[in-house]
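K.L.:
Sharing query15.cif here; it has mmCIF, C-alpha atoms.
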data_run
#
loop_
_atom_site.group_PDB
_atom_site.id
_atom_site.type_symbol
_atom_site.label_atom_id
_atom_site.label_comp_id
_atom_site.auth_asym_id
_atom_site.auth_seq_id
_atom_site.Cartn_x
_atom_site.Cartn_y
_atom_site.Cartn_z
ATOM 1 C CA MET A 8 14.992 7.905 -1.693
ATOM 2 C CA SER A 9 18.498 8.965 -2.743
ATOM 3 C CA GLY A 10 21.216 10.128 -0.333
ATOM 4 C CA GLY A 11 22.194 13.659 0.546
ATOM 5 C CA TRP A 12 21.337 15.964 3.421
ATOM 6 C CA TYR A 13 17.996 15.517 5.117
ATOM 7 C CA VAL A 14 16.528 18.805 6.399
ATOM 8 C CA TYR A 15 14.414 18.982 9.564
ATOM 9 C CA ALA A 16 13.976 22.668 10.357
ATOM 10 C CA ILE A 17 15.135 26.235 9.915
ATOM 11 C CA VAL A 18 16.483 28.025 12.973
ATOM 12 C CA ALA A 19 18.581 31.048 13.873
ATOM 13 C CA ARG A 20 22.295 30.610 13.315
ATOM 14 C CA ASP A 21 22.980 30.682 17.067
ATOM 15 C CA HIS A 22 20.298 28.093 17.909
ATOM 16 C CA ALA A 23 21.790 25.502 20.267
ATOM 17 C CA LEU A 24 21.338 21.856 19.293
ATOM 18 C CA ALA A 25 20.853 19.105 21.840
ATOM 19 C CA PRO A 26 24.213 17.437 22.525
ATOM 20 C CA GLY A 27 24.562 14.142 20.703
ATOM 21 C CA GLN A 28 21.210 14.389 18.962
ATOM 22 C CA THR A 29 20.976 12.092 15.982
ATOM 23 C CA GLY A 30 18.651 11.953 13.022
ATOM 24 C CA PHE A 31 17.752 9.307 10.481
ATOM 25 C CA GLY A 32 20.272 6.511 10.228
ATOM 26 C CA ASN A 33 21.731 7.608 13.573
ATOM 27 C CA GLU A 34 23.637 10.319 11.759
ATOM 28 C CA GLU A 35 24.654 13.339 13.798
ATOM 29 C CA ILE A 36 22.370 16.340 13.511
ATOM 30 C CA THR A 37 24.207 19.491 12.534
ATOM 31 C CA THR A 38 23.507 22.849 10.921
ATOM 32 C CA VAL A 39 24.302 24.493 7.602
ATOM 33 C CA ALA A 40 24.243 28.280 7.980
ATOM 34 C CA ARG A 41 23.745 31.114 5.573
ATOM 35 C CA GLY A 42 23.687 34.606 7.023
ATOM 36 C CA ASP A 43 21.753 34.609 10.286
ATOM 37 C CA LEU A 44 19.770 31.483 9.381
ATOM 38 C CA ALA A 45 20.674 27.826 9.650
ATOM 39 C CA ALA A 46 19.138 24.629 8.367
ATOM 40 C CA VAL A 47 19.118 21.720 10.795
ATOM 41 C CA THR A 48 20.200 18.666 8.880
ATOM 42 C CA SER A 49 21.875 15.274 8.961
ATOM 43 C CA ARG A 50 23.564 13.160 6.332
ATOM 44 C CA LEU A 51 21.378 10.627 4.615
ATOM 45 C CA ALA A 52 22.770 7.518 3.015
ATOM 46 C CA PRO A 53 21.329 6.423 -0.327
ATOM 47 C CA ARG A 54 18.078 4.596 0.412
ATOM 48 C CA GLY A 55 18.579 5.687 4.017
ATOM 49 C CA LEU A 56 15.013 6.801 4.595
ATOM 50 C CA GLN A 57 11.840 4.811 4.256
ATOM 51 C CA GLN A 58 8.600 6.741 3.927
ATOM 52 C CA THR A 59 6.978 5.105 6.909
ATOM 53 C CA THR A 60 4.717 6.387 9.624
ATOM 54 C CA GLU A 61 7.500 5.827 12.145
ATOM 55 C CA ASN A 62 9.914 8.001 10.213
ATOM 56 C CA VAL A 63 7.350 10.750 9.797
ATOM 57 C CA LEU A 64 6.848 10.738 13.552
ATOM 58 C CA ARG A 65 10.610 10.785 14.090
ATOM 59 C CA HIS A 66 10.833 13.905 11.945
ATOM 60 C CA GLY A 67 8.103 15.508 14.068
ATOM 61 C CA ALA A 68 9.852 14.556 17.310
ATOM 62 C CA ILE A 69 13.145 16.100 16.163
ATOM 63 C CA VAL A 70 11.359 19.334 15.280
ATOM 64 C CA GLU A 71 9.709 19.362 18.715
ATOM 65 C CA GLU A 72 13.069 18.903 20.404
ATOM 66 C CA LEU A 73 14.473 21.828 18.422
ATOM 67 C CA GLN A 74 11.522 23.978 19.350
ATOM 68 C CA LEU A 75 12.201 23.412 23.041
ATOM 69 C CA ARG A 76 15.583 25.068 22.548
ATOM 70 C CA GLY A 77 14.502 28.107 20.594
ATOM 71 C CA PRO A 78 12.465 29.504 17.692
ATOM 72 C CA THR A 79 12.069 26.876 14.991
ATOM 73 C CA LEU A 80 10.450 26.657 11.581
ATOM 74 C CA PRO A 81 9.466 23.078 10.742
ATOM 75 C CA VAL A 82 10.462 21.801 7.307
ATOM 76 C CA ARG A 83 8.161 19.438 5.468
ATOM 77 C CA PHE A 84 8.924 15.736 5.770
ATOM 78 C CA GLY A 85 10.936 14.249 2.932
ATOM 79 C CA THR A 86 13.148 17.234 2.142
ATOM 80 C CA VAL A 87 16.575 16.113 0.945
ATOM 81 C CA VAL A 88 19.177 18.218 -0.798
ATOM 82 C CA ALA A 89 22.231 16.959 -2.623
ATOM 83 C CA ASP A 90 24.905 18.698 -0.545
ATOM 84 C CA ALA A 91 25.601 21.456 1.954
ATOM 85 C CA GLU A 92 26.222 24.016 -0.786
ATOM 86 C CA THR A 93 22.815 23.378 -2.299
ATOM 87 C CA LEU A 94 21.228 23.735 1.115
ATOM 88 C CA ALA A 95 22.997 27.020 1.797
ATOM 89 C CA ALA A 96 21.896 28.291 -1.604
ATOM 90 C CA ALA A 97 18.289 27.310 -0.816
ATOM 91 C CA LEU A 98 18.481 29.301 2.413
ATOM 92 C CA ALA A 99 19.841 32.279 0.533
ATOM 93 C CA GLU A 100 17.130 32.069 -2.105
ATOM 94 C CA ARG A 101 14.304 32.483 0.415
ATOM 95 C CA HIS A 102 16.294 34.283 3.112
ATOM 96 C CA ALA A 103 13.966 37.249 3.603
ATOM 97 C CA GLU A 104 10.829 35.110 3.684
ATOM 98 C CA LEU A 105 12.318 32.516 6.038
ATOM 99 C CA THR A 106 13.661 35.212 8.356
ATOM 100 C CA ALA A 107 10.243 36.837 8.528
ATOM 101 C CA ASP A 108 8.553 33.475 9.139
ATOM 102 C CA LEU A 109 11.018 32.602 11.879
ATOM 103 C CA ALA A 110 10.348 35.896 13.636
ATOM 104 C CA ARG A 111 6.580 35.571 13.219
ATOM 105 C CA LEU A 112 6.182 31.865 13.969
ATOM 106 C CA GLY A 113 9.322 30.462 15.535
ATOM 107 C CA ASP A 114 8.194 30.699 19.138
ATOM 108 C CA LYS A 115 4.507 30.017 18.453
ATOM 109 C CA VAL A 116 2.559 26.766 18.354
ATOM 110 C CA GLU A 117 -0.576 25.705 16.593
ATOM 111 C CA PHE A 118 -3.384 23.421 17.592
ATOM 112 C CA GLY A 119 -5.742 21.521 15.379
ATOM 113 C CA LEU A 120 -9.505 21.556 15.558
ATOM 114 C CA THR A 121 -11.864 19.214 13.760
ATOM 115 C CA VAL A 122 -15.613 19.603 14.211
ATOM 116 C CA LEU A 123 -17.712 16.638 13.207
ATOM 117 C CA TRP A 124 -21.433 16.817 12.792
ATOM 118 C CA GLU A 125 -24.388 14.655 11.994
ATOM 119 C CA GLN A 126 -26.007 16.002 8.889
ATOM 120 C CA PRO A 127 -29.754 15.521 8.553
ATOM 121 C CA SER A 128 -30.572 12.731 6.160
ATOM 122 C CA SER A 129 -30.593 14.258 2.716
ATOM 123 C CA GLY A 130 -33.319 11.939 1.515
ATOM 124 C CA ASP A 131 -34.669 12.371 -1.992
ATOM 125 C CA ASP A 132 -35.881 15.930 -2.128
ATOM 126 C CA SER A 133 -35.349 16.289 -5.833
ATOM 127 C CA ARG A 134 -39.102 16.643 -6.204
ATOM 128 C CA THR A 135 -39.158 20.177 -4.917
ATOM 129 C CA ASP A 136 -41.313 23.028 -6.099
ATOM 130 C CA GLY A 137 -44.274 20.749 -6.736
ATOM 131 C CA ALA A 138 -42.452 18.535 -9.183
ATOM 132 C CA ILE A 139 -44.554 15.661 -10.454
ATOM 133 C CA ASP A 140 -43.273 12.701 -12.379
ATOM 134 C CA GLY A 141 -44.747 12.379 -15.823
ATOM 135 C CA ASP A 142 -44.147 12.682 -19.513
ATOM 136 C CA GLY A 143 -45.698 16.122 -20.105
ATOM 137 C CA PRO A 144 -43.849 19.379 -20.655
ATOM 138 C CA GLY A 145 -41.705 20.295 -17.692
ATOM 139 C CA HIS A 146 -41.851 16.807 -16.241
ATOM 140 C CA GLY A 147 -39.337 14.987 -18.384
ATOM 141 C CA PRO A 148 -35.998 13.542 -17.329
ATOM 142 C CA GLY A 149 -34.212 16.791 -18.139
ATOM 143 C CA THR A 150 -36.452 18.805 -15.841
ATOM 144 C CA ARG A 151 -36.131 16.278 -13.063
ATOM 145 C CA SER A 152 -32.376 16.350 -13.409
ATOM 146 C CA LEU A 153 -32.282 20.144 -13.243
ATOM 147 C CA ARG A 154 -34.518 20.149 -10.181
ATOM 148 C CA ALA A 155 -32.348 17.548 -8.488
ATOM 149 C CA ARG A 156 -29.289 19.680 -9.148
ATOM 150 C CA LEU A 157 -31.055 22.748 -7.801
ATOM 151 C CA ALA A 158 -32.022 20.874 -4.640
ATOM 152 C CA GLU A 159 -28.449 19.657 -4.217
ATOM 153 C CA SER A 160 -27.160 23.186 -4.664
ATOM 154 C CA ARG A 161 -29.543 24.467 -1.991
ATOM 155 C CA ARG A 162 -28.533 21.700 0.407
ATOM 156 C CA GLU A 163 -24.871 22.531 -0.108
ATOM 157 C CA ALA A 164 -25.499 26.253 0.501
ATOM 158 C CA ALA A 165 -27.374 25.458 3.719
ATOM 159 C CA ARG A 166 -24.564 23.158 4.829
ATOM 160 C CA GLN A 167 -21.965 25.852 4.189
ATOM 161 C CA ASP A 168 -24.015 28.421 6.108
ATOM 162 C CA ALA A 169 -24.402 26.090 9.087
ATOM 163 C CA ALA A 170 -20.671 25.331 9.130
ATOM 164 C CA LYS A 171 -19.802 29.028 8.911
ATOM 165 C CA SER A 172 -22.064 29.662 11.886
ATOM 166 C CA ILE A 173 -20.148 27.034 13.881
ATOM 167 C CA ALA A 174 -16.862 28.649 12.840
ATOM 168 C CA ARG A 175 -18.104 31.987 14.149
ATOM 169 C CA GLU A 176 -19.064 30.375 17.465
ATOM 170 C CA ILE A 177 -15.589 28.905 17.798
ATOM 171 C CA ASP A 178 -13.908 32.188 16.883
ATOM 172 C CA ALA A 179 -15.975 33.983 19.502
ATOM 173 C CA ALA A 180 -15.115 31.381 22.135
ATOM 174 C CA LEU A 181 -11.387 31.509 21.434
ATOM 175 C CA GLY A 182 -11.350 35.286 21.263
ATOM 176 C CA PRO A 183 -8.045 37.118 21.354
ATOM 177 C CA CYS A 184 -6.019 33.994 22.234
ATOM 178 C CA VAL A 185 -5.738 33.272 18.541
ATOM 179 C CA LEU A 186 -3.056 35.040 16.525
ATOM 180 C CA ASP A 187 -3.955 33.524 13.172
ATOM 181 C CA ARG A 188 -5.969 30.660 11.758
ATOM 182 C CA ARG A 189 -6.415 28.444 8.727
ATOM 183 C CA CYS A 190 -9.934 27.175 8.348
ATOM 184 C CA SER A 191 -11.669 24.875 5.931
ATOM 185 C CA ILE A 192 -15.464 25.086 5.959
ATOM 186 C CA ALA A 193 -17.427 21.857 5.487
ATOM 187 C CA PRO A 194 -14.667 20.096 3.527
ATOM 188 C CA THR A 195 -16.626 16.841 3.560
ATOM 189 C CA GLU A 196 -20.110 15.732 4.523
ATOM 190 C CA ARG A 197 -18.989 14.580 7.971
ATOM 191 C CA VAL A 198 -16.604 17.392 8.795
ATOM 192 C CA ALA A 199 -18.039 20.828 9.524
ATOM 193 C CA ILE A 200 -14.753 22.566 10.311
ATOM 194 C CA ARG A 201 -11.097 21.715 9.867
ATOM 195 C CA ALA A 202 -8.903 24.399 11.333
ATOM 196 C CA ALA A 203 -5.485 25.205 12.697
ATOM 197 C CA PHE A 204 -5.020 28.045 15.183
ATOM 198 C CA LEU A 205 -1.755 29.851 15.817
ATOM 199 C CA ILE A 206 -1.235 30.769 19.459
ATOM 200 C CA GLU A 207 1.357 31.570 22.072
ATOM 201 C CA PRO A 208 2.359 28.324 23.815
ATOM 202 C CA THR A 209 1.082 29.689 27.127
ATOM 203 C CA GLN A 210 -2.424 30.083 25.673
ATOM 204 C CA PHE A 211 -3.038 26.418 24.883
ATOM 205 C CA SER A 212 -4.738 25.623 28.188
ATOM 206 C CA ALA A 213 -7.022 28.647 27.865
ATOM 207 C CA CYS A 214 -7.947 27.585 24.329
ATOM 208 C CA ARG A 215 -8.756 24.048 25.443
ATOM 209 C CA GLN A 216 -10.960 25.474 28.153
ATOM 210 C CA ALA A 217 -12.751 27.652 25.617
ATOM 211 C CA ILE A 218 -13.310 24.653 23.370
ATOM 212 C CA ALA A 219 -14.638 22.669 26.338
ATOM 213 C CA GLU A 220 -17.268 25.377 26.734
ATOM 214 C CA VAL A 221 -18.214 25.046 23.061
ATOM 215 C CA ARG A 222 -18.598 21.291 23.574
ATOM 216 C CA HIS A 223 -20.870 21.959 26.527
ATOM 217 C CA GLN A 224 -23.047 24.363 24.545
ATOM 218 C CA ARG A 225 -23.149 22.248 21.388
ATOM 219 C CA PRO A 226 -23.587 18.612 22.401
ATOM 220 C CA ASP A 227 -24.732 17.905 18.844
ATOM 221 C CA LEU A 228 -21.148 18.381 17.644
ATOM 222 C CA ARG A 229 -18.013 16.356 18.208
ATOM 223 C CA VAL A 230 -15.126 18.751 18.636
ATOM 224 C CA LEU A 231 -11.635 17.250 18.447
ATOM 225 C CA VAL A 232 -8.588 19.213 19.551
ATOM 226 C CA SER A 233 -5.005 18.163 18.912
ATOM 227 C CA GLY A 234 -1.633 19.649 19.671
ATOM 228 C CA PRO A 235 0.129 21.790 20.440
ATOM 229 C CA TRP A 236 2.282 21.330 17.348
ATOM 230 C CA ALA A 237 5.064 23.303 15.727
ATOM 231 C CA PRO A 238 3.465 25.880 13.394
ATOM 232 C CA TYR A 239 3.529 23.712 10.262
ATOM 233 C CA SER A 240 0.305 25.148 8.870
ATOM 234 C CA PHE A 241 1.382 28.787 8.948
ATOM 235 C CA VAL A 242 4.706 28.897 7.146
ATOM 236 C CA SER A 243 4.699 30.787 3.880
ATOM 237 C CA ARG A 244 4.189 28.583 0.856
ATOM 238 C CA ALA A 245 7.073 28.489 -1.568
ATOM 239 C CA PRO A 246 6.100 29.543 -5.082
ATOM 240 C CA GLY A 247 4.976 26.525 -7.034
ATOM 241 C CA SER A 248 4.854 24.176 -4.032
ATOM 242 C CA GLN A 249 2.135 21.593 -4.295
ATOM 243 C CA GLN A 250 -0.151 20.128 -1.696
ATOM 244 C CA ASN A 251 0.584 16.551 -0.871
ATOM 245 C CA PRO A 252 -2.103 14.003 -1.766
ATOM 246 C CA LEU A 253 -2.211 13.038 1.897
ATOM 247 C CA GLY A 254 -3.269 16.524 2.813
ATOM 248 C CA GLN A 255 -6.893 15.728 3.421
ATOM 249 C CA SER A 256 -6.194 12.651 5.500
ATOM 250 C CA LEU A 257 -8.056 13.993 8.487
ATOM 251 C CA ASN A 258 -11.207 14.016 6.468
ATOM 252 C CA VAL A 259 -10.869 10.253 6.651
ATOM 253 C CA ILE A 260 -11.172 10.528 10.410
ATOM 254 C CA GLY A 261 -14.403 12.418 10.016
ATOM 255 C CA ARG A 262 -15.962 9.747 7.897
ATOM 256 C CA TRP A 263 -14.647 7.019 10.142
ATOM 257 C CA LEU A 264 -15.970 8.539 13.353
ATOM 258 C CA MET A 265 -19.401 9.236 11.985
ATOM 259 C CA PRO A 266 -20.113 6.577 9.407
ATOM 260 C CA PRO A 267 -23.240 6.823 7.325
ATOM 261 C CA MET B 29 -20.745 5.936 17.014
ATOM 262 C CA SER B 30 -18.856 5.375 20.236
ATOM 263 C CA ASP B 31 -17.866 1.834 19.288
ATOM 264 C CA ARG B 32 -15.983 3.274 16.332
ATOM 265 C CA MET B 33 -14.305 6.027 18.305
ATOM 266 C CA PRO B 34 -10.532 5.707 18.029
ATOM 267 C CA GLU B 35 -8.232 6.495 20.902
ATOM 268 C CA ALA B 36 -7.498 10.196 21.202
ATOM 269 C CA ARG B 37 -3.854 9.225 20.794
ATOM 270 C CA GLU B 38 -4.564 7.884 17.313
ATOM 271 C CA VAL B 39 -6.374 11.036 16.275
ATOM 272 C CA ALA B 40 -3.454 13.116 17.528
ATOM 273 C CA LEU B 41 -1.083 10.849 15.645
ATOM 274 C CA LEU B 42 -2.898 11.372 12.398
ATOM 275 C CA GLU B 43 -3.092 15.112 13.007
ATOM 276 C CA LEU B 44 0.679 15.172 13.387
ATOM 277 C CA LEU B 45 1.194 13.015 10.300
ATOM 278 C CA ASP B 46 -1.016 15.349 8.348
ATOM 279 C CA ARG B 47 1.079 18.340 9.340
ATOM 280 C CA VAL B 48 4.521 16.816 8.931
ATOM 281 C CA VAL B 49 3.794 15.403 5.481
ATOM 282 C CA ASP B 50 1.678 18.170 4.036
ATOM 283 C CA HIS B 51 2.818 21.371 5.705
ATOM 284 C CA GLY B 52 5.985 23.092 6.785
ATOM 285 C CA VAL B 53 8.743 24.929 4.979
ATOM 286 C CA VAL B 54 9.398 23.785 1.434
ATOM 287 C CA ILE B 55 13.048 24.128 0.490
ATOM 288 C CA ALA B 56 13.527 24.646 -3.207
ATOM 289 C CA GLY B 57 15.172 21.913 -5.179
ATOM 290 C CA ASP B 58 15.128 18.357 -4.082
ATOM 291 C CA ILE B 59 11.792 17.445 -2.596
ATOM 292 C CA THR B 60 11.642 13.723 -2.928
ATOM 293 C CA ILE B 61 8.175 12.685 -1.873
ATOM 294 C CA SER B 62 6.596 10.900 -4.765
ATOM 295 C CA VAL B 63 3.114 9.579 -5.203
ATOM 296 C CA ALA B 64 4.423 6.053 -4.690
ATOM 297 C CA ASP B 65 6.098 7.093 -1.455
ATOM 298 C CA VAL B 66 2.944 8.706 -0.161
ATOM 299 C CA ASP B 67 1.126 5.473 -0.849
ATOM 300 C CA LEU B 68 3.479 3.817 1.615
ATOM 301 C CA ILE B 69 2.391 6.295 4.259
ATOM 302 C CA TYR B 70 -1.202 5.565 3.394
ATOM 303 C CA LEU B 71 -0.403 1.945 4.071
ATOM 304 C CA GLY B 72 0.758 2.880 7.558
ATOM 305 C CA LEU B 73 -2.382 4.869 8.156
ATOM 306 C CA ARG B 74 -4.550 1.979 7.105
ATOM 307 C CA VAL B 75 -2.891 -0.339 9.568
ATOM 308 C CA MET B 76 -3.075 2.227 12.301
ATOM 309 C CA LEU B 77 -6.635 3.338 11.931
ATOM 310 C CA THR B 78 -8.771 0.647 10.520
ATOM 311 C CA SER B 79 -8.925 -2.423 8.358
ATOM 312 C CA VAL B 80 -7.501 -2.341 4.876
ATOM 313 C CA GLU B 81 -10.949 -2.851 3.436
ATOM 314 C CA ARG B 82 -12.481 0.022 5.343
ATOM 315 C CA ALA B 83 -9.627 2.403 4.500
ATOM 316 C CA GLU B 84 -9.854 1.472 0.841
ATOM 317 C CA GLU B 85 -13.571 2.159 0.929
ATOM 318 C CA LEU B 86 -12.942 5.567 2.468
ATOM 319 C CA ARG B 87 -10.303 6.459 -0.081
ATOM 320 C CA THR B 88 -12.538 5.398 -2.917
ATOM 321 C CA GLY B 89 -15.344 7.450 -1.439
ATOM 322 C CA ARG B 90 -13.131 10.484 -1.275
ATOM 323 C CA THR B 91 -12.077 10.054 -4.860
ATOM 324 C CA ARG B 92 -15.707 9.907 -5.934
ATOM 325 C CA ARG B 93 -16.538 13.051 -3.974
ATOM 326 C CA GLU B 94 -13.587 14.946 -5.412
ATOM 327 C CA ALA B 95 -14.521 13.914 -8.912
ATOM 328 C CA ARG B 96 -18.041 15.309 -8.524
ATOM 329 C CA PRO B 97 -18.510 18.587 -10.446
#
What does this structure look like when you write it as structure tokens?
P.N.:
Amino acid sequence: MSGGWYVYAIVARDHALAPGQTGFGNEEITTVARGDLAAVTSRLAPRGLQQTTENVLRHGAIVEELQLRGPTLPVRFGTVVADAETLAAALAERHAELTADLARLGDKVEFGLTVLWEQPSSGDDSRTDGAIDGDGPGHGPGTRSLRARLAESRREAARQDAAKSIAREIDAALGPCVLDRRCSIAPTERVAIRAAFLIEPTQFSACRQAIAEVRHQRPDLRVLVSGPWAPYSFVSRAPGSQQNPLGQSLNVIGRWLMPP
Amino acid sequence: MSDRMPEAREVALLELLDRVVDHGVVIAGDITISVADVDLIYLGLRVMLTSVERAEELRTGRTRREARP
């Protein structure tokens, strides 16, 4: 990774930094302001940042520290700009959107929810609708293939319906605590729901209690809660920004917890 | 299943990693995460969560699933 200015978060111009706080490479954390916004940043020497788990966690810890001192928008890990002028220009370019996001999200937190389930064994139900192996009309390889695809399609629809039903149960349990949510329905065979919920920080305990009730009512599910985190999942996407290949990493957890 | 259950701390760790790497504000211009860099993070995840062999199996499995029409 080349040198420049590493960016941790977007805050209000008058956001107070922790005295003596340092970032990567022990460089002093400072701000670059444009209008009423500021980017929290520190100098980065050429090759000064390794893409390691430890550094990703360090980024997260710095954002958390900032959030304790006032409204904060977390910036994605690995954001480096060439110089302060470039950073100020980037703030100016998305000023209205970032200002709105800071007002909407800056003092909120999110928590993560992953619901794992045991799917019934799919078995070989390709022989539906009275299908019989044979060489006659309607019983050839093409027909069998079409029937298998139809059966798979029906299984997938049933799986989606079941996952949506779980999502509704969770929504009902959480009720008005939730300000916003991002939800992925049945993203993999082992994961029924992957969701992030935006809440007021004071509501986290109430949400955990609500989820505990869901666990009690649905012992067939494994419901994992994480957080609270800075509201990473709810910031507005920049035009043209791409999802990182690591984005579905939690699906790995699902398959690991409930192996076939 | 319980013998494969990771510590809650590890799940939380991966949840945080997922957010920090994949979400958050994107500043226009000089995003520097490359596919090769992300692979390094994958390496960290492998060590943290499970054996290299198991993680590789999971990744391969995901690739197969994503490739399915």
K.L.:
Report as number ranges by chain all protein, DNA and RNA residues lying within 8 Å of B:Leu45, evaluated on only C-alpha atoms, omitting residues in the same chain fewer than 2 positions from it.
P.N.:
A: 60, 63-64; B: 41-43, 47-49
K.L.:
Restricting it to C-alpha atoms, dump the selection as a PDB file, in the coordinates of the input.
P.N.:
ATOM      1  CA  THR A  60       4.717   6.387   9.624  1.00  0.00           C
ATOM      2  CA  VAL A  63       7.350  10.750   9.797  1.00  0.00           C
ATOM      3  CA  LEU A  64       6.848  10.738  13.552  1.00  0.00           C
TER       4      LEU A  64
ATOM      5  CA  LEU B  41      -1.083  10.849  15.645  1.00  0.00           C
ATOM      6  CA  LEU B  42      -2.898  11.372  12.398  1.00  0.00           C
ATOM      7  CA  GLU B  43      -3.092  15.112  13.007  1.00  0.00           C
ATOM      8  CA  ARG B  47       1.079  18.340   9.340  1.00  0.00           C
ATOM      9  CA  VAL B  48       4.521  16.816   8.931  1.00  0.00           C
ATOM     10  CA  VAL B  49       3.794  15.403   5.481  1.00  0.00           C
TER      11      VAL B  49
END
K.L.:
May I have the residues within 7 Å of stretch 13-23 of chain A as a list of chain:residue names, using all atoms listed in the file and disregarding those fewer than 6 positions away in the same chain?
P.N.:
A:Ala40, A:Asp43, A:Leu44, A:Ala45, A:Ala46, A:Val47, A:Thr48, A:Ser49, A:Arg50, A:Leu51, A:His66, A:Val70, A:Arg76, A:Gly77, A:Pro78, A:Thr79, A:Leu80, A:Pro81, A:Val82, A:Thr86, A:Val87, A:Val88
K.L.:
Residue by residue, what does the PyMOL selection byres ((chain A and resi 234) around 9) grab here? Present the result as a list in words.
P.N.:
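On this input, the PyMOL selection byres ((chain A and resi 234) around 9) captures Val116, Glu117, Phe118, Gly119, Phe211, Val232, Ser233, Pro235, Trp236 and Ala237 of chain A; Ala40, Glu43 and Leu44 of chain B.
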K.L.:
Just give me the gap between atom CA of A:Trp124 and atom CA of A:Ile173 in Å, one decimal is fine.
P.N.:
10.4 Å
K.L.:
Output the residue selection produced by the PyMOL selection byres ((chain A and resi 34) around 12) on the file above, formatted as a list in words.
P.N.:
Gly11, Trp12, Tyr13, Gly27, Gln28, Thr29, Gly30, Phe31, Gly32, Asn33, Glu35, Ile36, Thr37, Thr48, Ser49, Arg50, Leu51, Ala52, Gly55 and Leu56 of chain A
K.L.:
Restricting the calculation to all atoms listed in the file: of A:Asp114, A:Asp178, A:Asp168, A:Glu71, which residue gets closest to A:Phe204?
P.N.:
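Closest candidate: A:Asp178.
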K.L.:
Just the residues within 12 Å of A:Ala193, please, counting only C-alpha atoms, with nothing from its chain fewer than 6 positions along; format it as a list in words.
P.N.:
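Listed by chain and then number, they are Thr121, Val122, Leu123, Trp124, Glu125, Gln126, Glu163, Ala164, Ala165, Arg166, Gln167, Asp168, Ala169, Ala170, Lys171, Ser172, Ile173, Ala174, Ala199, Ile200, Arg201, Ala202, Asn258 and Gly261 of chain A.
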K.L.:
Please report the interatomic distance between atom CA of A:Tyr239 and atom CA of A:Val185 in Å with one decimal.
P.N.:
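Atom CA of A:Tyr239 sits 15.7 Å away from atom CA of A:Val185.
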